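The file model.cif contains mmCIF, C-alpha atoms:
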```cif
data_data
#
loop_
_atom_site.label_atom_id
_atom_site.label_comp_id
_atom_site.auth_asym_id
_atom_site.auth_seq_id
_atom_site.Cartn_x
_atom_site.Cartn_y
_atom_site.Cartn_z
CA MET P 36 -22.36 5.47 7.95
CA ASN P 37 -20.55 8.12 5.92
CA TRP P 38 -22.53 7.89 2.69
CA HIS P 39 -26.15 8.53 1.82
CA SER P 40 -26.09 6.96 -1.64
CA TRP P 41 -23.85 5.32 -4.25
CA SER P 42 -23.34 8.59 -6.08
CA ASP P 43 -22.44 10.25 -2.79
CA PHE P 44 -19.85 7.51 -2.20
CA LEU P 45 -18.43 7.81 -5.71
CA ALA P 46 -18.24 11.62 -5.48
CA MET P 47 -15.96 11.37 -2.39
CA GLY P 48 -16.98 14.85 -1.27
CA GLY P 49 -15.61 16.36 -4.50
CA TYR P 50 -12.25 14.55 -4.26
CA ALA P 51 -13.21 11.60 -6.50
CA LEU P 52 -10.29 12.13 -8.92
CA TYR P 53 -7.70 12.10 -6.14
CA VAL P 54 -9.14 9.37 -3.91
CA TRP P 55 -10.19 6.97 -6.69
CA GLY P 56 -7.08 7.85 -8.71
CA SER P 57 -5.00 6.66 -5.74
CA TYR P 58 -6.96 3.48 -5.03
CA ALA P 59 -7.37 2.50 -8.70
CA VAL P 60 -3.68 2.84 -9.54
CA THR P 61 -2.68 0.94 -6.39
CA LEU P 62 -5.07 -1.89 -7.31
CA VAL P 63 -3.78 -1.98 -10.90
CA VAL P 64 -0.14 -2.06 -9.74
CA LEU P 65 -0.80 -4.97 -7.37
CA ILE P 66 -2.78 -6.91 -9.99
CA VAL P 67 -0.02 -6.37 -12.57
CA GLU P 68 2.54 -7.71 -10.09
CA ILE P 69 0.42 -10.80 -9.33
CA VAL P 70 -0.15 -11.53 -13.05
CA ALA P 71 3.56 -10.97 -13.76
CA LEU P 72 4.48 -13.44 -11.00
CA VAL P 73 2.09 -16.12 -12.32
CA MET P 74 3.44 -15.64 -15.87
CA ARG P 75 7.04 -15.68 -14.67
CA ARG P 76 6.51 -19.01 -12.89
CA ARG P 77 4.89 -20.53 -16.00
CA GLY P 78 7.67 -19.16 -18.20
CA VAL P 79 10.43 -20.52 -15.96
CA ILE P 80 8.92 -23.99 -15.85
CA GLU P 81 8.33 -24.02 -19.61
CA ARG P 82 11.88 -22.84 -20.39
CA LEU P 83 13.47 -25.31 -18.00
CA ALA P 84 11.41 -28.19 -19.37
CA LYS P 85 12.72 -27.35 -22.88
CA PHE P 86 16.25 -26.94 -21.53
CA TYR P 87 16.16 -30.41 -19.90
CA ALA P 88 14.59 -31.99 -22.99
CA ALA P 89 17.34 -30.51 -25.22
CA ARG P 90 19.99 -31.73 -22.81
CA ARG P 91 18.55 -35.26 -22.84
CA ARG P 92 18.52 -35.27 -26.67
CA ASN P 93 22.17 -34.18 -26.73
CA HIS P 94 23.13 -36.98 -24.37
CA GLU P 95 21.31 -39.51 -26.56
CA THR P 96 23.05 -38.38 -29.76
CA GLU P 97 26.42 -38.43 -28.04
CA ALA P 98 25.87 -41.99 -26.84
CA MET Q 159 12.32 -24.08 25.00
CA ILE Q 160 12.51 -27.12 22.76
CA LYS Q 161 15.96 -28.55 22.81
CA SER Q 162 16.81 -30.17 19.55
CA GLU Q 163 20.28 -30.93 18.40
CA ARG Q 164 19.23 -31.51 14.83
CA PHE Q 165 17.12 -28.44 14.23
CA SER Q 166 19.00 -25.51 12.79
CA TRP Q 167 18.00 -22.37 10.97
CA PHE Q 168 20.72 -23.20 8.52
CA HIS Q 169 18.55 -26.08 7.41
CA PHE Q 170 16.28 -23.57 5.66
CA SER Q 171 19.17 -21.57 4.27
CA SER Q 172 19.49 -24.12 1.48
CA PRO Q 173 17.41 -23.25 -1.60
CA GLN Q 174 16.34 -26.88 -1.89
CA THR Q 175 14.69 -26.94 1.54
CA PHE Q 176 13.39 -23.37 1.36
CA TYR Q 177 11.66 -23.85 -2.01
CA PRO Q 178 8.89 -26.20 -0.76
CA LEU Q 179 8.59 -24.28 2.53
CA ALA Q 180 7.99 -21.04 0.58
CA GLY Q 181 5.44 -22.85 -1.57
CA THR Q 182 3.53 -24.05 1.51
CA LEU Q 183 3.57 -20.68 3.28
CA GLN Q 184 2.82 -18.46 0.27
CA PRO Q 185 -0.97 -19.14 -0.02
CA TRP Q 186 -1.44 -18.44 3.70
CA PHE Q 187 0.21 -15.04 3.42
CA ALA Q 188 -1.83 -14.31 0.29
CA ALA Q 189 -5.05 -15.24 2.14
CA ALA Q 190 -4.08 -13.11 5.16
CA ALA Q 191 -3.31 -10.18 2.83
CA THR Q 192 -6.73 -10.49 1.14
CA LEU Q 193 -8.63 -10.62 4.42
CA LEU Q 194 -6.68 -7.78 6.04
CA CYS Q 195 -6.99 -5.51 2.98
CA ALA Q 196 -10.73 -6.22 2.76
CA ALA Q 197 -11.19 -5.37 6.45
CA GLY Q 198 -8.89 -2.34 6.10
CA LEU Q 199 -10.81 -1.00 3.09
CA TYR Q 200 -14.11 -1.43 4.93
CA LEU Q 201 -12.77 0.55 7.88
CA SER Q 202 -11.21 3.15 5.57
CA PHE Q 203 -14.39 3.98 3.71
CA PHE Q 204 -17.29 3.05 5.98
CA VAL Q 205 -16.13 3.33 9.57
CA ALA Q 206 -13.49 6.07 9.65
CA PRO Q 207 -15.25 9.45 9.80
CA THR Q 208 -14.79 12.35 7.38
CA ASP Q 209 -11.82 14.51 8.34
CA ALA Q 210 -12.72 17.92 9.74
CA GLN Q 211 -10.03 19.77 7.76
CA GLN Q 212 -9.46 17.72 4.61
CA GLY Q 213 -12.90 16.28 3.99
CA GLU Q 214 -12.80 12.99 2.08
CA ALA Q 215 -9.41 13.69 0.44
CA TYR Q 216 -7.67 12.41 3.58
CA ARG Q 217 -8.85 8.84 2.77
CA ILE Q 218 -5.75 8.52 0.59
CA ILE Q 219 -3.87 8.10 3.89
CA PHE Q 220 -5.03 4.47 4.15
CA ILE Q 221 -2.84 3.45 1.22
CA HIS Q 222 -0.29 6.28 1.18
CA VAL Q 223 1.17 5.76 4.66
CA PRO Q 224 1.19 1.91 4.60
CA ALA Q 225 2.79 1.98 1.12
CA ALA Q 226 5.43 4.47 2.28
CA TRP Q 227 6.17 2.36 5.36
CA MET Q 228 6.51 -0.78 3.21
CA SER Q 229 8.78 1.01 0.72
CA MET Q 230 11.25 1.83 3.53
CA PHE Q 231 10.82 -1.43 5.47
CA LEU Q 232 11.32 -3.64 2.40
CA TYR Q 233 14.49 -1.71 1.59
CA LEU Q 234 15.86 -2.40 5.08
CA VAL Q 235 14.97 -6.09 4.71
CA MET Q 236 16.63 -6.12 1.27
CA GLY Q 237 19.74 -4.46 2.74
CA PHE Q 238 19.78 -6.97 5.61
CA TRP Q 239 19.62 -10.08 3.38
CA SER Q 240 22.10 -8.52 0.94
CA GLY Q 241 24.49 -8.01 3.85
CA VAL Q 242 23.97 -11.56 5.13
CA GLY Q 243 24.60 -12.89 1.62
CA LEU Q 244 27.74 -10.79 1.29
CA VAL Q 245 29.22 -11.79 4.67
CA LEU Q 246 28.11 -15.42 5.06
CA ASN Q 247 28.09 -16.18 1.33
CA THR Q 248 24.66 -17.83 1.61
CA ARG Q 249 23.06 -18.02 -1.81
CA LEU Q 250 19.48 -18.00 -0.56
CA SER Q 251 19.94 -14.67 1.29
CA SER Q 252 21.01 -13.00 -1.95
CA MET Q 253 18.10 -14.60 -3.82
CA VAL Q 254 15.67 -13.19 -1.24
CA ALA Q 255 17.23 -9.73 -1.65
CA THR Q 256 16.80 -10.02 -5.43
CA ALA Q 257 13.16 -11.08 -4.96
CA LEU Q 258 12.42 -8.15 -2.63
CA ALA Q 259 13.47 -5.35 -4.99
CA PRO Q 260 10.52 -5.28 -7.45
CA THR Q 261 7.88 -5.33 -4.70
CA GLY Q 262 9.77 -2.60 -2.82
CA ALA Q 263 9.95 -0.51 -5.98
CA LEU Q 264 6.20 -0.91 -6.57
CA PHE Q 265 5.35 0.26 -3.05
CA THR Q 266 7.70 3.22 -3.49
CA PHE Q 267 5.90 4.09 -6.72
CA ILE Q 268 2.50 3.78 -4.97
CA ALA Q 269 3.68 6.03 -2.12
CA LEU Q 270 4.86 8.68 -4.63
CA TRP Q 271 1.76 8.42 -6.81
CA THR Q 272 -0.76 8.62 -3.97
CA GLY Q 273 1.33 11.39 -2.44
CA ALA Q 274 1.04 13.43 -5.65
CA LEU Q 275 -2.72 12.86 -5.77
CA TRP Q 276 -2.98 13.91 -2.15
CA GLY Q 277 -0.68 16.90 -2.53
CA LYS Q 278 -2.70 18.46 -5.33
CA PRO Q 279 -5.93 19.09 -3.36
CA THR Q 280 -4.23 19.80 -0.01
CA TRP Q 281 -1.04 21.70 -0.95
CA GLY Q 282 -2.09 22.87 -4.39
CA THR Q 283 0.75 21.04 -6.14
CA TRP Q 284 1.47 17.52 -7.41
CA TRP Q 285 5.15 17.70 -6.53
CA VAL Q 286 7.71 19.79 -4.67
CA TRP Q 287 11.43 19.15 -4.34
CA ASP Q 288 11.32 19.03 -0.56
CA ALA Q 289 13.45 16.64 1.49
CA ARG Q 290 10.77 14.01 2.12
CA LEU Q 291 9.59 13.72 -1.48
CA THR Q 292 13.06 13.91 -2.98
CA SER Q 293 14.53 11.25 -0.68
CA GLU Q 294 11.57 8.94 -1.42
CA LEU Q 295 12.20 9.44 -5.15
CA ILE Q 296 15.86 8.53 -4.56
CA LEU Q 297 14.60 5.33 -2.87
CA LEU Q 298 12.77 4.44 -6.09
CA PHE Q 299 15.98 5.02 -8.07
CA LEU Q 300 17.91 2.84 -5.60
CA TYR Q 301 15.50 -0.05 -6.13
CA ILE Q 302 15.63 0.41 -9.92
CA GLY Q 303 19.43 0.74 -9.82
CA PHE Q 304 19.70 -2.47 -7.78
CA MET Q 305 17.56 -4.39 -10.29
CA ALA Q 306 19.34 -2.90 -13.33
CA LEU Q 307 22.78 -3.64 -11.88
CA GLN Q 308 21.88 -7.27 -11.12
CA ALA Q 309 20.31 -7.70 -14.55
CA ALA Q 310 23.43 -6.32 -16.24
CA ILE Q 311 25.82 -8.88 -14.69
CA ASP Q 312 25.72 -12.37 -16.15
CA ASP Q 313 27.41 -14.25 -13.34
CA PRO Q 314 24.75 -14.50 -10.57
CA ARG Q 315 27.27 -14.63 -7.71
CA ARG Q 316 28.97 -11.45 -8.95
CA ALA Q 317 25.55 -9.85 -9.48
CA ASP Q 318 24.70 -10.70 -5.85
CA LYS Q 319 27.85 -9.03 -4.56
CA ALA Q 320 27.55 -5.89 -6.68
CA GLY Q 321 23.85 -5.57 -5.81
CA ALA Q 322 24.59 -6.08 -2.11
CA VAL Q 323 27.13 -3.24 -2.06
CA LEU Q 324 24.65 -0.90 -3.76
CA ALA Q 325 21.82 -1.99 -1.43
CA LEU Q 326 23.95 -1.49 1.69
CA VAL Q 327 25.19 1.95 0.65
CA GLY Q 328 21.58 2.93 -0.10
CA VAL Q 329 20.39 1.94 3.39
CA ILE Q 330 21.61 5.37 4.58
CA ASN Q 331 18.73 6.87 2.58
CA VAL Q 332 16.07 5.21 4.76
CA PRO Q 333 16.71 7.20 7.99
CA ILE Q 334 17.07 10.28 5.78
CA ILE Q 335 13.53 9.70 4.44
CA TYR Q 336 12.18 8.93 7.89
CA TYR Q 337 13.68 11.92 9.71
CA SER Q 338 13.58 14.35 6.76
CA VAL Q 339 10.43 16.02 8.10
CA GLN Q 340 12.25 16.78 11.37
CA TRP Q 341 15.67 17.70 10.01
CA TRP Q 342 14.53 20.07 7.29
CA SER Q 343 11.56 22.32 6.91
CA THR Q 344 9.39 20.40 4.50
CA LEU Q 345 6.00 20.91 2.97
CA HIS Q 346 5.31 17.31 3.93
CA GLN Q 347 3.81 17.05 7.39
CA GLY Q 348 5.48 15.26 10.30
CA ALA Q 349 4.50 11.80 11.50
CA SER Q 350 0.97 11.41 12.88
CA VAL Q 351 1.98 8.10 14.41
CA SER Q 352 5.15 7.70 16.45
CA MET Q 353 6.55 5.31 19.03
CA LYS Q 354 7.01 8.07 21.59
CA SER Q 355 3.70 9.89 21.73
CA ALA Q 356 0.01 9.17 21.36
CA PRO Q 357 -1.12 9.31 17.72
CA SER Q 358 -2.65 12.60 16.63
CA MET Q 359 -5.52 11.03 14.73
CA ALA Q 360 -8.91 9.44 15.40
CA THR Q 361 -8.76 5.85 16.66
CA THR Q 362 -10.82 4.38 13.81
CA MET Q 363 -8.56 6.14 11.26
CA LEU Q 364 -5.48 4.79 13.03
CA ILE Q 365 -6.83 1.23 13.21
CA GLY Q 366 -7.84 1.31 9.53
CA MET Q 367 -4.37 2.50 8.57
CA LEU Q 368 -2.62 -0.12 10.70
CA ILE Q 369 -4.76 -2.94 9.28
CA MET Q 370 -4.00 -1.78 5.73
CA ALA Q 371 -0.31 -1.71 6.66
CA LEU Q 372 -0.54 -5.30 7.94
CA GLY Q 373 -2.35 -6.28 4.73
CA PHE Q 374 0.41 -4.72 2.59
CA TRP Q 375 3.00 -6.47 4.74
CA MET Q 376 1.38 -9.88 4.22
CA TYR Q 377 0.98 -9.11 0.50
CA SER Q 378 4.70 -8.29 0.27
CA ILE Q 379 5.68 -11.56 1.94
CA ALA Q 380 3.39 -13.52 -0.42
CA ALA Q 381 4.74 -11.75 -3.51
CA VAL Q 382 8.38 -12.13 -2.44
CA LEU Q 383 7.93 -15.84 -1.62
CA ALA Q 384 6.36 -16.40 -5.06
CA ARG Q 385 9.21 -14.51 -6.75
CA VAL Q 386 12.01 -16.16 -4.80
CA ARG Q 387 10.65 -19.56 -5.90
CA CYS Q 388 11.09 -18.46 -9.54
CA VAL Q 389 14.59 -17.17 -8.80
CA ILE Q 390 15.52 -20.46 -7.09
CA LEU Q 391 14.32 -22.54 -10.06
CA GLU Q 392 16.25 -20.36 -12.53
CA ARG Q 393 19.48 -20.29 -10.58
CA GLU Q 394 19.47 -23.89 -9.37
CA ARG Q 395 18.52 -25.32 -12.78
CA HIS Q 396 21.68 -27.41 -12.94
CA THR Q 397 20.72 -29.36 -9.84
CA GLU Q 398 19.02 -32.72 -9.79
CA TRP Q 399 16.13 -31.64 -7.55
CA VAL Q 400 15.04 -28.73 -9.81
CA MET Q 401 15.06 -31.11 -12.78
CA GLU Q 402 12.76 -33.44 -10.86
CA GLU Q 403 10.59 -30.54 -9.67
CA VAL Q 404 10.12 -29.19 -13.21
CA GLY Q 405 9.76 -32.68 -14.64
CA GLY Q 406 6.83 -33.25 -12.33
CA GLN Q 407 5.17 -30.00 -13.44
CA ALA Q 408 5.62 -30.13 -17.20
#
```

Once more with this new file: its structure as structure tokens, please.
Amino acid sequence: MNWHSWSDFLAMGGYALYVWGSYAVTLVVLIVEIVALVMRRRGVIERLAKFYAARRRNHETEA
Amino acid sequence: MIKSERFSWFHFSSPQTFYPLAGTLQPWFAAAATLLCAAGLYLSFFVAPTDAQQGEAYRIIFIHVPAAWMSMFLYLVMGFWSGVGLVLNTRLSSMVATALAPTGALFTFIALWTGALWGKPTWGTWWVWDARLTSELILLFLYIGFMALQAAIDDPRRADKAGAVLALVGVINVPIIYYSVQWWSTLHQGASVSMKSAPSMATTMLIGMLIMALGFWMYSIAAVLARVRCVILERERHTEWVMEEVGGQA
């Protein structure tokens, strides 16, 4: 085991800024990508549903 | 060898057949990514020993090197599918290339960011214009250029072709990044892991790094499959099957 306590772990031997700065930003970037992908899928489906609904209405008025 | 006259890889080259396949596979890759990253993080922090020279600062390696590998590998994959799309005129190949770019750009950014945070305590500087760092920065611009170019062209088939040419020209940058530490005298160190010689690092460090790399690889596949499904829906919206697919969801 490398660490004697929580504070020892968090201190990262004096390199906390660099080590946690790397891991935190990586985690944030990946989470942002995942959220963006979920929102993109929702957005696409919503937009296409509207697009098809509008197209159906146009067909009905033409007929 | 299973001999089947009907089976063909071209079967999955149609967006309509690939869409549900991607949807089935995606959660498995996401689960594999989660498990591998969890195991990799455990090894990185609790099993791998403190480095004799760099102390705990070296622990950045467990995301820096896998992210840098993915940034180059995803570019090669993007170049490959761009090329296939350009030559064979297969729409799905180009859609996959389009879906790869953002994830590749993110890993390039992570490699640069973690590199800066590692450079400061070990070299005394966040950034130097040496060959390795500069060529990796150019890789980021290539990804961004690819996305911007495709976004600027309205006709998707023309956007595919223009993007493919840019992606293929940019492939030359990948060996430049990889061999930069040998070709030029750089502040960046050479490879600790190579195909030719035994790795110059402790086994537990190496295993932790390789598992993180596998985790990032699985994550990339999951993210790209999720994105290519969005791209397929957008670009195939005039087809009957997408209308049914969306109709069932809304």

*Provide the CA of Gly273 (chain Q) to CA of Leu326 (chain Q) distance in Å, to one decimal place.*
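Going from CA of Gly273 (chain Q) over to CA of Leu326 (chain Q), I get 26.4 Å.
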
*Chain and number of each residue from the PyMOL selection byres ((chain P) within 6 of (chain Q)), as a list in words*: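 In the shown coordinates, the PyMOL selection byres ((chain P) within 6 of (chain Q)) covers Met36, Met47, Gly48, Tyr50, Tyr53, Val54, Ser57, Arg76 and Ile80 of chain P.
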
*Shell around Ala317 (chain Q) at 12 Å using only C-alpha atoms, local window under 2 positions removed, as a ChimeraX atom specification*: /Q:240,243-244,249,252-253,255-256,304-315,319-325

_Shortest interatomic distance to Gln174 (chain Q) - which of Q:Trp284, Q:Leu250, Q:Val329, Q:Ala197, counting only C-alpha atoms_ = Q:Leu250

*Which distance in Å separates CA of Ser172 (chain Q) and CA of Gly241 (chain Q), to one decimal?*
17.0 Å

*Could you please determine the separation between CA of Trp375 (chain Q) and CA of Phe231 (chain Q) in Å, to one decimal place?*
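We find that CA of Trp375 (chain Q) and CA of Phe231 (chain Q) lie 9.3 Å from each other.
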
_So, with only C-alpha atoms as the atoms that count, which of Q:Leu246, Q:Ala371, Q:Met363, Q:Tyr233 lies closest to Ser202 (chain Q)?_
Q:Met363

Taking the file as shown, what set of residues would the PyMOL selection byres ((chain Q and resi 287) around 12) give back, as a CSV table (one decimal) with C-alpha atoms, in the coordinates of the input?
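Written file, result.csv:
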```
chain,number,residue,atom,x,y,z
Q,274,ALA,CA,1.0,13.4,-5.6
Q,283,THR,CA,0.8,21.0,-6.1
Q,284,TRP,CA,1.5,17.5,-7.4
Q,285,TRP,CA,5.2,17.7,-6.5
Q,286,VAL,CA,7.7,19.8,-4.7
Q,288,ASP,CA,11.3,19.0,-0.6
Q,289,ALA,CA,13.4,16.6,1.5
Q,290,ARG,CA,10.8,14.0,2.1
Q,291,LEU,CA,9.6,13.7,-1.5
Q,292,THR,CA,13.1,13.9,-3.0
Q,293,SER,CA,14.5,11.2,-0.7
Q,294,GLU,CA,11.6,8.9,-1.4
Q,295,LEU,CA,12.2,9.4,-5.2
Q,296,ILE,CA,15.9,8.5,-4.6
Q,343,SER,CA,11.6,22.3,6.9
Q,344,THR,CA,9.4,20.4,4.5
Q,345,LEU,CA,6.0,20.9,3.0
Q,346,HIS,CA,5.3,17.3,3.9
```
